[in-house]
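Participant: File target_6.cif follows (mmCIF, C-alpha atoms):
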```
data_start
#
loop_
_atom_site.label_atom_id
_atom_site.label_comp_id
_atom_site.auth_asym_id
_atom_site.auth_seq_id
_atom_site.Cartn_x
_atom_site.Cartn_y
_atom_site.Cartn_z
CA MET A 1121 -13.00 41.78 -12.12
CA ASP A 1122 -11.16 39.98 -14.89
CA PRO A 1123 -8.35 37.64 -13.77
CA GLU A 1124 -5.60 39.49 -15.60
CA ARG A 1125 -6.34 42.72 -13.81
CA ALA A 1126 -6.60 40.97 -10.44
CA LEU A 1127 -3.05 39.62 -10.84
CA SER A 1128 -1.41 42.94 -11.69
CA PRO A 1129 -0.68 45.20 -8.68
CA PRO A 1130 -3.13 48.10 -8.22
CA LEU A 1131 -1.97 51.42 -9.63
CA THR A 1132 -1.05 54.20 -7.19
CA GLN A 1133 -2.80 57.58 -7.30
CA GLY A 1134 0.39 59.07 -8.73
CA ALA A 1135 0.43 56.51 -11.53
CA TYR A 1136 -3.14 57.41 -12.44
CA TYR A 1137 -2.17 61.10 -12.44
CA ARG A 1138 0.69 60.40 -14.86
CA ARG A 1139 -1.65 58.40 -17.09
CA GLY A 1140 -3.94 61.42 -17.19
CA LEU A 1141 -1.02 63.71 -18.03
CA ARG A 1142 -0.03 61.40 -20.88
CA ALA A 1143 -3.61 61.36 -22.15
CA ALA A 1144 -3.43 65.17 -22.29
CA VAL A 1145 -0.59 64.95 -24.82
CA ALA A 1146 -2.83 64.20 -27.76
CA LEU A 1147 -4.84 65.94 -30.46
CA PRO A 1148 -7.02 67.93 -28.00
CA ALA A 1149 -3.95 69.53 -26.42
CA VAL A 1150 -2.64 70.56 -29.85
CA ILE A 1151 -6.01 72.06 -30.82
CA LEU A 1152 -6.34 73.72 -27.42
CA ALA A 1153 -2.83 75.18 -27.67
CA ALA A 1154 -3.53 76.54 -31.16
CA THR A 1155 -6.78 78.06 -29.88
CA PHE A 1156 -5.02 79.76 -26.99
CA ILE A 1157 -2.29 81.08 -29.29
CA GLY A 1158 -5.19 82.91 -30.94
CA ILE A 1159 -6.62 84.06 -27.60
CA GLY A 1160 -3.19 85.19 -26.34
CA SER A 1161 -2.65 87.31 -29.42
CA VAL A 1162 -6.13 88.86 -29.07
CA CYS A 1163 -5.23 89.82 -25.45
CA ALA A 1164 -2.06 91.52 -26.71
CA ASP A 1165 -4.01 93.29 -29.48
CA TYR A 1166 -6.31 94.82 -26.84
CA GLY A 1167 -3.32 96.00 -24.80
CA MET A 1168 -3.76 93.71 -21.82
CA PRO A 1169 -0.66 92.92 -19.71
CA LEU A 1170 0.82 89.45 -20.30
CA ALA A 1171 0.23 88.48 -16.65
CA TRP A 1172 -3.43 89.34 -17.11
CA ALA A 1173 -3.72 87.16 -20.20
CA VAL A 1174 -2.15 84.19 -18.40
CA LEU A 1175 -4.24 84.69 -15.27
CA ALA A 1176 -7.40 84.90 -17.38
CA THR A 1177 -6.54 81.58 -19.06
CA VAL A 1178 -6.08 79.84 -15.70
CA LEU A 1179 -8.99 81.47 -13.84
CA ILE A 1180 -11.68 81.60 -16.50
CA TRP A 1181 -10.60 78.41 -18.30
CA ALA A 1182 -13.27 78.79 -20.96
CA GLY A 1183 -12.33 80.16 -24.37
CA PRO A 1184 -15.58 81.94 -25.32
CA ALA A 1185 -15.87 83.69 -21.92
CA HIS A 1186 -12.21 84.73 -22.16
CA LEU A 1187 -12.72 86.27 -25.62
CA ILE A 1188 -15.91 88.03 -24.53
CA LEU A 1189 -14.13 89.53 -21.49
CA VAL A 1190 -11.14 90.85 -23.48
CA GLY A 1191 -13.32 92.17 -26.26
CA GLY A 1192 -15.72 93.80 -23.81
CA LEU A 1193 -13.03 95.50 -21.70
CA GLY A 1194 -11.15 96.53 -24.84
CA SER A 1195 -14.19 98.16 -26.43
CA GLY A 1196 -15.19 99.88 -23.20
CA ALA A 1197 -18.47 98.02 -22.62
CA SER A 1198 -20.04 98.33 -19.17
CA TRP A 1199 -18.93 95.78 -16.59
CA LEU A 1200 -22.50 94.69 -15.99
CA ALA A 1201 -23.04 93.96 -19.69
CA ILE A 1202 -19.76 92.03 -19.86
CA ALA A 1203 -20.60 90.02 -16.74
CA LEU A 1204 -24.01 89.09 -18.17
CA THR A 1205 -22.60 87.96 -21.51
CA VAL A 1206 -19.77 86.03 -19.88
CA GLY A 1207 -22.26 84.39 -17.52
CA LEU A 1208 -24.54 83.43 -20.39
CA SER A 1209 -21.70 81.99 -22.46
CA SER A 1210 -20.71 79.80 -19.49
CA VAL A 1211 -24.15 78.40 -18.58
CA ARG A 1212 -23.11 75.32 -20.58
CA LEU A 1213 -20.55 74.56 -17.82
CA LEU A 1214 -23.39 73.65 -15.44
CA PRO A 1215 -24.77 70.69 -17.40
CA MET A 1216 -21.23 69.72 -18.40
CA VAL A 1217 -20.03 69.50 -14.79
CA VAL A 1218 -23.24 67.81 -13.64
CA SER A 1219 -22.97 65.13 -16.33
CA LEU A 1220 -19.30 64.52 -15.54
CA LEU A 1221 -19.66 64.25 -11.74
CA PRO A 1222 -20.94 60.64 -11.59
CA TYR A 1223 -17.98 59.47 -13.68
CA LEU A 1224 -15.49 61.07 -11.27
CA ARG A 1225 -16.55 59.07 -8.16
CA LEU A 1226 -15.95 61.98 -5.79
CA GLN A 1227 -17.90 60.46 -2.86
CA ASN A 1228 -14.90 59.80 -0.57
CA ARG A 1229 -12.89 62.85 -1.59
CA HIS A 1230 -12.39 66.18 0.19
CA PRO A 1231 -14.93 68.87 -0.89
CA VAL A 1232 -12.06 71.10 -2.06
CA MET A 1233 -11.13 68.35 -4.53
CA ALA A 1234 -14.63 68.60 -6.02
CA ILE A 1235 -14.21 72.37 -6.47
CA VAL A 1236 -10.81 71.87 -8.13
CA CYS A 1237 -12.21 69.19 -10.46
CA ALA A 1238 -15.20 71.37 -11.33
CA HIS A 1239 -12.89 74.27 -12.17
CA LEU A 1240 -10.90 72.12 -14.59
CA VAL A 1241 -14.05 71.25 -16.57
CA ALA A 1242 -14.06 72.94 -19.96
CA ILE A 1243 -15.11 71.83 -23.43
CA SER A 1244 -11.98 69.88 -24.30
CA ILE A 1245 -11.59 68.00 -21.02
CA TRP A 1246 -15.33 67.25 -20.94
CA VAL A 1247 -15.19 65.59 -24.34
CA GLU A 1248 -12.03 63.68 -23.49
CA SER A 1249 -13.27 62.61 -20.03
CA LEU A 1250 -16.55 61.22 -21.30
CA ARG A 1251 -14.48 59.18 -23.75
CA LEU A 1252 -11.65 58.04 -21.44
CA LEU A 1253 -12.99 57.93 -17.84
CA PRO A 1254 -15.19 54.82 -18.34
CA GLN A 1255 -11.98 52.87 -19.11
CA ILE A 1256 -10.35 53.94 -15.81
CA ASP A 1257 -10.89 52.14 -12.48
CA GLY A 1258 -13.14 54.02 -10.06
CA GLU A 1259 -10.44 54.92 -7.53
CA GLY A 1260 -8.13 56.22 -10.25
CA ARG A 1261 -10.59 58.54 -11.94
CA VAL A 1262 -9.94 61.68 -9.84
CA PRO A 1263 -6.12 61.57 -10.20
CA PHE A 1264 -6.46 60.67 -13.90
CA PHE A 1265 -8.80 63.61 -14.39
CA LEU A 1266 -6.43 65.94 -12.50
CA GLY A 1267 -3.56 64.80 -14.74
CA LEU A 1268 -5.61 65.37 -17.88
CA GLY A 1269 -6.84 68.76 -16.65
CA THR A 1270 -3.52 70.14 -15.43
CA GLY A 1271 -1.83 68.88 -18.61
CA LEU A 1272 -4.33 70.71 -20.81
CA LEU A 1273 -4.14 73.80 -18.58
CA ALA A 1274 -0.34 73.83 -18.84
CA SER A 1275 -0.38 73.63 -22.64
CA ALA A 1276 -3.05 76.35 -22.84
CA THR A 1277 -1.06 78.64 -20.53
CA THR A 1278 2.13 78.15 -22.52
CA ALA A 1279 0.19 78.80 -25.71
CA THR A 1280 -1.27 82.03 -24.27
CA VAL A 1281 2.28 83.33 -23.70
CA VAL A 1282 3.39 82.25 -27.19
CA GLY A 1283 0.33 83.82 -28.81
CA TYR A 1284 0.85 87.02 -26.84
CA GLY A 1285 4.40 87.22 -28.20
CA LEU A 1286 3.27 86.42 -31.74
CA ALA A 1287 0.54 89.09 -31.84
CA GLY A 1288 0.75 91.05 -35.06
CA ILE A 1289 3.22 88.56 -36.56
CA ILE A 1290 0.76 85.74 -37.37
CA PRO A 1291 -0.37 86.03 -41.03
CA HIS A 1292 -4.06 86.85 -41.39
CA ALA A 1293 -4.99 83.55 -43.05
CA PHE A 1294 -3.48 81.54 -40.20
CA ALA A 1295 -5.14 83.74 -37.58
CA ALA A 1296 -8.47 82.89 -39.25
CA GLY A 1297 -7.49 79.21 -39.25
CA LEU A 1298 -6.67 79.31 -35.52
CA LEU A 1299 -10.09 80.75 -34.74
CA PHE A 1300 -11.84 78.01 -36.76
CA LEU A 1301 -10.01 75.19 -34.95
CA THR A 1302 -12.31 75.19 -31.92
CA PRO A 1303 -15.59 75.00 -33.88
CA ILE A 1304 -14.56 72.19 -36.22
CA PHE A 1305 -12.71 70.20 -33.56
CA PHE A 1306 -15.61 70.30 -31.11
CA LEU A 1307 -18.19 69.48 -33.72
CA LEU A 1308 -16.25 66.37 -34.79
CA SER A 1309 -15.52 65.44 -31.17
CA LEU A 1310 -19.23 65.59 -30.46
CA PHE A 1311 -19.80 63.16 -33.34
CA ALA A 1312 -17.16 60.89 -31.86
CA THR A 1313 -18.59 60.93 -28.31
CA ALA A 1314 -22.35 60.89 -28.98
CA ARG A 1315 -23.29 57.26 -28.38
CA VAL A 1316 -27.01 57.46 -27.64
CA LEU A 1317 -29.79 58.84 -29.85
CA SER A 1318 -30.55 61.77 -27.53
CA ASP A 1319 -26.94 63.02 -27.81
CA GLN A 1320 -26.87 62.56 -31.58
CA LEU A 1321 -30.09 64.52 -32.03
CA ALA A 1322 -28.81 67.18 -29.61
CA ILE A 1323 -25.87 67.97 -31.90
CA GLY A 1324 -28.16 68.87 -34.80
CA PHE A 1325 -30.75 70.67 -32.67
CA GLY A 1326 -28.09 72.71 -30.86
CA PHE A 1327 -26.24 73.66 -34.05
CA PHE A 1328 -29.28 74.67 -36.10
CA GLY A 1329 -31.14 75.87 -33.00
CA LEU A 1330 -28.51 78.55 -32.55
CA LEU A 1331 -29.12 79.95 -36.03
CA LEU A 1332 -32.85 79.89 -35.35
CA GLY A 1333 -32.43 81.38 -31.87
CA ALA A 1334 -30.22 84.16 -33.20
CA LEU A 1335 -33.22 85.42 -35.18
CA ALA A 1336 -34.80 86.44 -31.87
CA GLY A 1337 -31.96 88.94 -31.55
CA ASP A 1338 -32.09 89.08 -27.74
CA GLY A 1339 -28.67 87.51 -27.14
CA LEU A 1340 -30.15 84.44 -25.44
CA GLU A 1341 -29.66 82.11 -28.44
CA LEU A 1342 -27.20 79.87 -26.58
CA LEU A 1343 -29.83 79.28 -23.94
CA TYR A 1344 -32.61 78.58 -26.46
CA ALA A 1345 -30.49 76.24 -28.56
CA GLY A 1346 -28.91 74.47 -25.59
CA LEU A 1347 -31.81 74.10 -23.20
CA GLY A 1348 -34.53 73.97 -25.85
CA GLY A 1349 -32.63 71.86 -28.38
CA GLY A 1350 -31.27 69.49 -25.75
CA THR A 1351 -34.67 68.97 -24.14
CA LEU A 1352 -36.29 68.36 -27.52
CA ALA A 1353 -33.59 65.81 -28.38
CA TYR A 1354 -34.09 64.05 -25.05
CA GLY A 1355 -37.87 64.05 -25.45
CA LEU A 1356 -37.79 62.62 -28.98
CA ALA A 1357 -35.26 59.92 -28.02
CA ARG A 1358 -37.41 58.98 -25.04
CA LEU A 1359 -40.53 58.76 -27.20
CA LYS A 1360 -38.70 56.44 -29.58
CA ARG A 1361 -37.49 54.28 -26.67
CA ALA A 1362 -41.04 54.01 -25.36
CA ARG A 1363 -42.33 53.06 -28.82
CA ASP A 1364 -39.59 50.46 -29.33
CA ALA A 1365 -40.38 48.93 -25.95
CA ALA A 1366 -44.11 48.76 -26.67
CA MET B 568 -5.53 104.04 -21.63
CA THR B 569 -4.92 104.09 -17.93
CA LEU B 570 -7.38 101.24 -17.48
CA PHE B 571 -4.83 98.86 -18.98
CA GLY B 572 -1.77 100.41 -17.35
CA SER B 573 0.01 98.91 -14.40
CA ASP B 574 -2.93 99.51 -12.06
CA LEU B 575 -5.13 96.79 -10.68
CA THR B 576 -8.35 97.68 -12.53
CA PRO B 577 -8.06 95.00 -15.25
CA TYR B 578 -7.36 92.37 -12.60
CA ILE B 579 -10.38 93.39 -10.56
CA ALA B 580 -12.43 93.26 -13.77
CA LEU B 581 -11.03 89.80 -14.47
CA ILE B 582 -12.26 88.52 -11.11
CA LEU B 583 -15.61 90.33 -11.00
CA VAL B 584 -16.87 90.16 -14.58
CA GLY B 585 -14.75 87.29 -15.99
CA PHE B 586 -14.01 84.68 -13.35
CA LEU B 587 -17.07 84.90 -11.07
CA PRO B 588 -19.89 84.94 -13.70
CA SER B 589 -18.27 81.92 -15.34
CA GLU B 590 -17.20 79.94 -12.26
CA ILE B 591 -20.57 80.27 -10.54
CA TRP B 592 -22.02 77.67 -12.94
CA ARG B 593 -19.33 75.15 -11.98
CA TRP B 594 -20.09 75.71 -8.27
CA MET B 595 -23.83 75.45 -8.82
CA ALA B 596 -23.27 72.17 -10.65
CA LEU B 597 -21.59 70.77 -7.53
CA VAL B 598 -24.66 71.71 -5.48
CA VAL B 599 -27.28 70.31 -7.90
CA GLY B 600 -25.29 67.38 -9.21
CA ARG B 601 -24.42 65.63 -5.96
CA GLY B 602 -25.36 61.98 -5.85
CA LEU B 603 -26.71 61.60 -9.37
CA ASP B 604 -26.51 58.16 -10.95
CA GLU B 605 -24.62 57.72 -14.24
CA ASN B 606 -27.63 56.17 -15.97
CA SER B 607 -30.46 58.17 -14.44
CA GLU B 608 -33.04 59.78 -16.74
CA ILE B 609 -32.18 63.24 -15.48
CA LEU B 610 -28.55 62.74 -16.41
CA ILE B 611 -29.43 61.62 -19.94
CA TRP B 612 -31.38 64.87 -20.24
CA VAL B 613 -28.55 66.93 -18.74
CA ARG B 614 -26.06 65.37 -21.18
CA ALA B 615 -28.36 66.15 -24.10
CA VAL B 616 -28.56 69.78 -22.94
CA ALA B 617 -24.76 69.96 -22.57
CA THR B 618 -24.26 68.46 -26.03
CA ALA B 619 -26.79 70.82 -27.62
CA THR B 620 -25.18 73.82 -25.90
CA LEU B 621 -21.76 72.80 -27.13
CA ALA B 622 -23.08 72.38 -30.68
CA ALA B 623 -24.65 75.82 -30.34
CA VAL B 624 -21.33 77.32 -29.20
CA VAL B 625 -19.72 75.74 -32.29
CA ALA B 626 -22.30 77.41 -34.54
CA LYS B 627 -21.91 80.73 -32.71
CA LEU B 628 -18.11 80.76 -33.05
CA ALA B 629 -18.32 79.96 -36.76
CA PHE B 630 -21.32 82.03 -37.86
CA PHE B 631 -20.87 85.02 -35.54
CA PRO B 632 -17.06 85.01 -35.43
CA ALA B 633 -14.52 87.37 -33.90
CA GLY B 634 -11.28 88.73 -35.31
CA ALA B 635 -9.65 87.41 -38.46
CA LEU B 636 -12.29 84.72 -39.05
CA ALA B 637 -14.97 87.39 -39.46
CA THR B 638 -13.25 88.72 -42.58
CA LEU B 639 -13.71 85.38 -44.37
CA PRO B 640 -17.06 85.27 -46.24
CA LEU B 641 -19.77 83.00 -44.82
CA GLY B 642 -19.68 80.61 -47.78
CA TRP B 643 -16.10 79.63 -47.02
CA ARG B 644 -16.93 78.94 -43.38
CA ILE B 645 -19.89 76.75 -44.37
CA GLY B 646 -17.63 75.03 -46.93
CA ALA B 647 -15.07 74.34 -44.22
CA PHE B 648 -17.73 72.65 -42.04
CA VAL B 649 -18.91 70.55 -44.99
CA ALA B 650 -15.34 69.53 -45.90
CA GLY B 651 -14.47 68.70 -42.28
CA VAL B 652 -17.58 66.61 -41.66
CA ALA B 653 -17.33 64.83 -45.04
CA VAL B 654 -13.67 63.87 -44.54
CA TYR B 655 -14.44 62.78 -40.97
CA TRP B 656 -17.05 60.28 -42.20
CA ILE B 657 -15.12 59.16 -45.30
CA GLY B 658 -11.87 58.88 -43.31
CA ARG B 659 -13.25 56.25 -40.94
CA ARG B 660 -14.30 58.81 -38.30
CA SER B 661 -10.89 60.43 -38.03
CA VAL B 662 -11.16 63.71 -36.10
CA LEU B 663 -7.63 64.68 -37.16
CA PHE B 664 -8.29 64.38 -40.92
CA GLY B 665 -11.61 66.17 -40.56
CA VAL B 666 -9.96 69.10 -38.74
CA LEU B 667 -7.16 69.26 -41.32
CA ALA B 668 -9.63 69.33 -44.23
CA ALA B 669 -11.64 72.16 -42.69
CA GLU B 670 -8.49 74.14 -41.89
CA LEU B 671 -7.31 73.73 -45.46
CA VAL B 672 -10.51 75.41 -46.67
CA ILE B 673 -10.24 78.27 -44.14
CA VAL B 674 -6.52 79.05 -44.54
CA GLY B 675 -6.60 78.33 -48.28
CA GLY B 676 -9.70 80.49 -48.72
CA ALA B 677 -8.20 83.42 -46.83
CA MET B 678 -5.01 83.18 -48.92
CA TRP B 679 -6.96 82.78 -52.18
CA LEU B 680 -8.97 85.92 -51.41
CA GLY B 681 -5.81 87.72 -50.33
CA LEU B 682 -7.38 88.78 -47.01
CA ARG B 683 -5.32 90.82 -44.61
#
```
What does the file become when written as structure tokens?
Facilitator:
Amino acid sequence: MDPERALSPPLTQGAYYRRGLRAAVALPAVILAATFIGIGSVCADYGMPLAWAVLATVLIWAGPAHLILVGGLGSGASWLAIALTVGLSSVRLLPMVVSLLPYLRLQNRHPVMAIVCAHLVAISIWVESLRLLPQIDGEGRVPFFLGLGTGLLASATTATVVGYGLAGIIPHAFAAGLLFLTPIFFLLSLFATARVLSDQLAIGFGFFGLLLGALAGDGLELLYAGLGGGTLAYGLARLKRARDAA
Amino acid sequence: MTLFGSDLTPYIALILVGFLPSEIWRWMALVVGRGLDENSEILIWVRAVATATLAAVVAKLAFFPAGALATLPLGWRIGAFVAGVAVYWIGRRSVLFGVLAAELVIVGGAMWLGLR
């Protein structure tokens, strides 16, 4: 430990939580809020009650799954078909949570805390956590993460209500802009967080893999591009490492 | 539509076909992911898969869009990606400027075409 840090008193769990909350008040929260303004207005368009829209934001906590659910129920698709598509769109949460777990240092925490932390994992917090958690002391990572997660959840929930109220009022061009925020923000965030070759390759393989996978037309393109593209990226990066070492 | 009236059906649907199929992956991650080391090979692979999936979701949202974005021709959406990525690299890796540039193309394009 560096001497400067040893001299300053250790931060309390509450202080780490507040640091996480403050970290949530940044660009990701603005983008997330704008995204959920869009999602809230879509919920209103499909005639869902406001309470439903808010509950869906908190419980599902994944934009694509949320949109698929509203769209599916609104168009009268079968529940089984909706469940399958929602499930498929959320497979990405598994590797995201798994890759975040070691950073959280959950070993001495109550199991319920692990479930709460896992629930808070979504695209935005995953990107931000991979960037910020390594700078936080081990014992402060769970409260910091909770602060970041609840902060983002609060802004998304507020935005859902605002978007619900604004449905039909937002000009078409801005509605299109709101829906493009998530794609461009996450693509650039991936650039900003990808530090190793395997991650950098994975961005390209995932992006173009989806277009390729969509040609199959079986609705599994996310799986092909994610699992296939990611594995290919890992394999190539590992080959290069082995060659560099030799 | 009575389905979306004051009855509980949409809420039951939310739990059964929205919450559970999504949340199950988070729970499974807790089961598989316990005790993994930050720098283990398997985790490097898992992170590559997560990154690729996220990039794929980005492409899906932009190239197979919903709602208002779908009315904007494909060329404009590709142009927005190009503008965003170019400004990000030119602007010393600024995510904010990249996002703003892309949004300018989308909102400007929709206005230019007079979409409604």
Participant: Excluding same-chain residues fewer than 4 positions from Ile579 (chain B), what lies within 12 Å of it counting only C-alpha atoms, as an MDAnalysis selection string?
Facilitator: (chainID A and resid 1172 1175:1176 1193 1199) or (chainID B and resid 570:571 574:575 583:587)
Participant: What does the file look like for those residues with C-alpha atoms, as a short mmCIF file (atom, residue, chain, number, x, y, z; two decimals), keeping the file's coordinate frame?
Facilitator:
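So part-v3.cif came out as:
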```cif
data_model
loop_
_atom_site.label_atom_id
_atom_site.label_comp_id
_atom_site.auth_asym_id
_atom_site.auth_seq_id
_atom_site.Cartn_x
_atom_site.Cartn_y
_atom_site.Cartn_z
CA TRP A 1172 -3.43 89.34 -17.11
CA LEU A 1175 -4.24 84.69 -15.27
CA ALA A 1176 -7.40 84.90 -17.38
CA LEU A 1193 -13.03 95.50 -21.70
CA TRP A 1199 -18.93 95.78 -16.59
CA LEU B 570 -7.38 101.24 -17.48
CA PHE B 571 -4.83 98.86 -18.98
CA ASP B 574 -2.93 99.51 -12.06
CA LEU B 575 -5.13 96.79 -10.68
CA LEU B 583 -15.61 90.33 -11.00
CA VAL B 584 -16.87 90.16 -14.58
CA GLY B 585 -14.75 87.29 -15.99
CA PHE B 586 -14.01 84.68 -13.35
CA LEU B 587 -17.07 84.90 -11.07
#
```
Participant: Could you expand the PyMOL selection byres ((chain B and resi 599-611) around 8) into the explicit residues it covers here, written as number ranges by chain?
Facilitator: A: 1217-1219, 1221-1223, 1318, 1354; B: 595-598, 612-615
Participant: Which of these, B:Leu628, B:Ile657, B:Val649, B:Ala622, has the shortest distance to Val672 (chain B) once you count all atoms listed in the file?
Facilitator: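 Checking each candidate against Val672 (chain B), we get B:Val649 as the closest.
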Participant: Might you spell out which residues the PyMOL selection byres ((chain A and resi 1297-1304) around 9) would select in the displayed file, as number ranges by chain?
Facilitator: A: 1151-1152, 1154-1159, 1292-1296, 1305-1309; B: 622, 624-629, 632-636, 644, 647-648, 651-652, 665-666, 669-674, 677
Participant: Could you list, as a PDB file with C-alpha atoms, in the coordinates of the input, every residue matched by the PyMOL selection byres ((chain A and resi 1194) around 9) in this structure?
Facilitator:
```pdb
ATOM      1  CA  CYS A1163      -5.230  89.820 -25.450  1.00  0.00           C
ATOM      2  CA  TYR A1166      -6.310  94.820 -26.840  1.00  0.00           C
ATOM      3  CA  GLY A1167      -3.320  96.000 -24.800  1.00  0.00           C
ATOM      4  CA  MET A1168      -3.760  93.710 -21.820  1.00  0.00           C
ATOM      5  CA  LEU A1189     -14.130  89.530 -21.490  1.00  0.00           C
ATOM      6  CA  VAL A1190     -11.140  90.850 -23.480  1.00  0.00           C
ATOM      7  CA  GLY A1191     -13.320  92.170 -26.260  1.00  0.00           C
ATOM      8  CA  GLY A1192     -15.720  93.800 -23.810  1.00  0.00           C
ATOM      9  CA  LEU A1193     -13.030  95.500 -21.700  1.00  0.00           C
ATOM     10  CA  SER A1195     -14.190  98.160 -26.430  1.00  0.00           C
ATOM     11  CA  GLY A1196     -15.190  99.880 -23.200  1.00  0.00           C
ATOM     12  CA  ALA A1197     -18.470  98.020 -22.620  1.00  0.00           C
TER      13      ALA A1197
ATOM     14  CA  PHE B 571      -4.830  98.860 -18.980  1.00  0.00           C
TER      15      PHE B 571
END
```
Participant: What's around Ala1144 (chain A) at 12 Å? Count all atoms listed in the file, leave out sequence neighbours fewer than 3 positions away in its own chain, and write the answer as a ChimeraX atom specification.
Facilitator: /A:1137-1141,1147-1153,1244-1245,1247-1249,1252,1264-1276
Participant: In terms of the shortest atom-to-atom distance over only C-alpha atoms, which of B:Val616, B:Thr576, B:Ile582, B:Phe631 is closest to chain A?
Facilitator: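 Smallest distance to chain A is found for B:Val616.
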Participant: Any chance you could build region 604-617 of chain B out to N, CA and C atoms and write it as a compact mmCIF listing (two decimals), in the coordinates of the input?
Facilitator:
```txt
# COMPACT_ATOMS: atom_id res chain seq x y z
N ASP B 604 -26.97 59.42 -10.39
CA ASP B 604 -26.51 58.16 -10.95
C ASP B 604 -26.17 58.33 -12.43
N GLU B 605 -25.11 57.62 -12.85
CA GLU B 605 -24.62 57.72 -14.24
C GLU B 605 -25.72 57.47 -15.27
N ASN B 606 -26.65 56.56 -14.97
CA ASN B 606 -27.63 56.17 -15.97
C ASN B 606 -29.04 56.68 -15.68
N SER B 607 -29.14 57.67 -14.77
CA SER B 607 -30.46 58.17 -14.44
C SER B 607 -31.03 58.98 -15.60
N GLU B 608 -32.37 59.04 -15.67
CA GLU B 608 -33.04 59.78 -16.74
C GLU B 608 -32.60 61.24 -16.75
N ILE B 609 -32.50 61.82 -15.54
CA ILE B 609 -32.18 63.24 -15.48
C ILE B 609 -30.80 63.50 -16.07
N LEU B 610 -29.90 62.56 -15.89
CA LEU B 610 -28.55 62.74 -16.41
C LEU B 610 -28.50 62.60 -17.93
N ILE B 611 -29.34 61.74 -18.48
CA ILE B 611 -29.43 61.62 -19.94
C ILE B 611 -29.91 62.95 -20.51
N TRP B 612 -30.88 63.57 -19.80
CA TRP B 612 -31.38 64.87 -20.24
C TRP B 612 -30.28 65.93 -20.13
N VAL B 613 -29.59 65.93 -18.97
CA VAL B 613 -28.55 66.93 -18.74
C VAL B 613 -27.45 66.81 -19.81
N ARG B 614 -27.11 65.55 -20.17
CA ARG B 614 -26.06 65.37 -21.18
C ARG B 614 -26.54 65.86 -22.54
N ALA B 615 -27.81 65.65 -22.83
CA ALA B 615 -28.36 66.15 -24.10
C ALA B 615 -28.30 67.67 -24.14
N VAL B 616 -28.62 68.32 -23.01
CA VAL B 616 -28.56 69.78 -22.94
C VAL B 616 -27.11 70.26 -23.10
N ALA B 617 -26.17 69.58 -22.45
CA ALA B 617 -24.76 69.96 -22.57
C ALA B 617 -24.27 69.80 -24.00
```
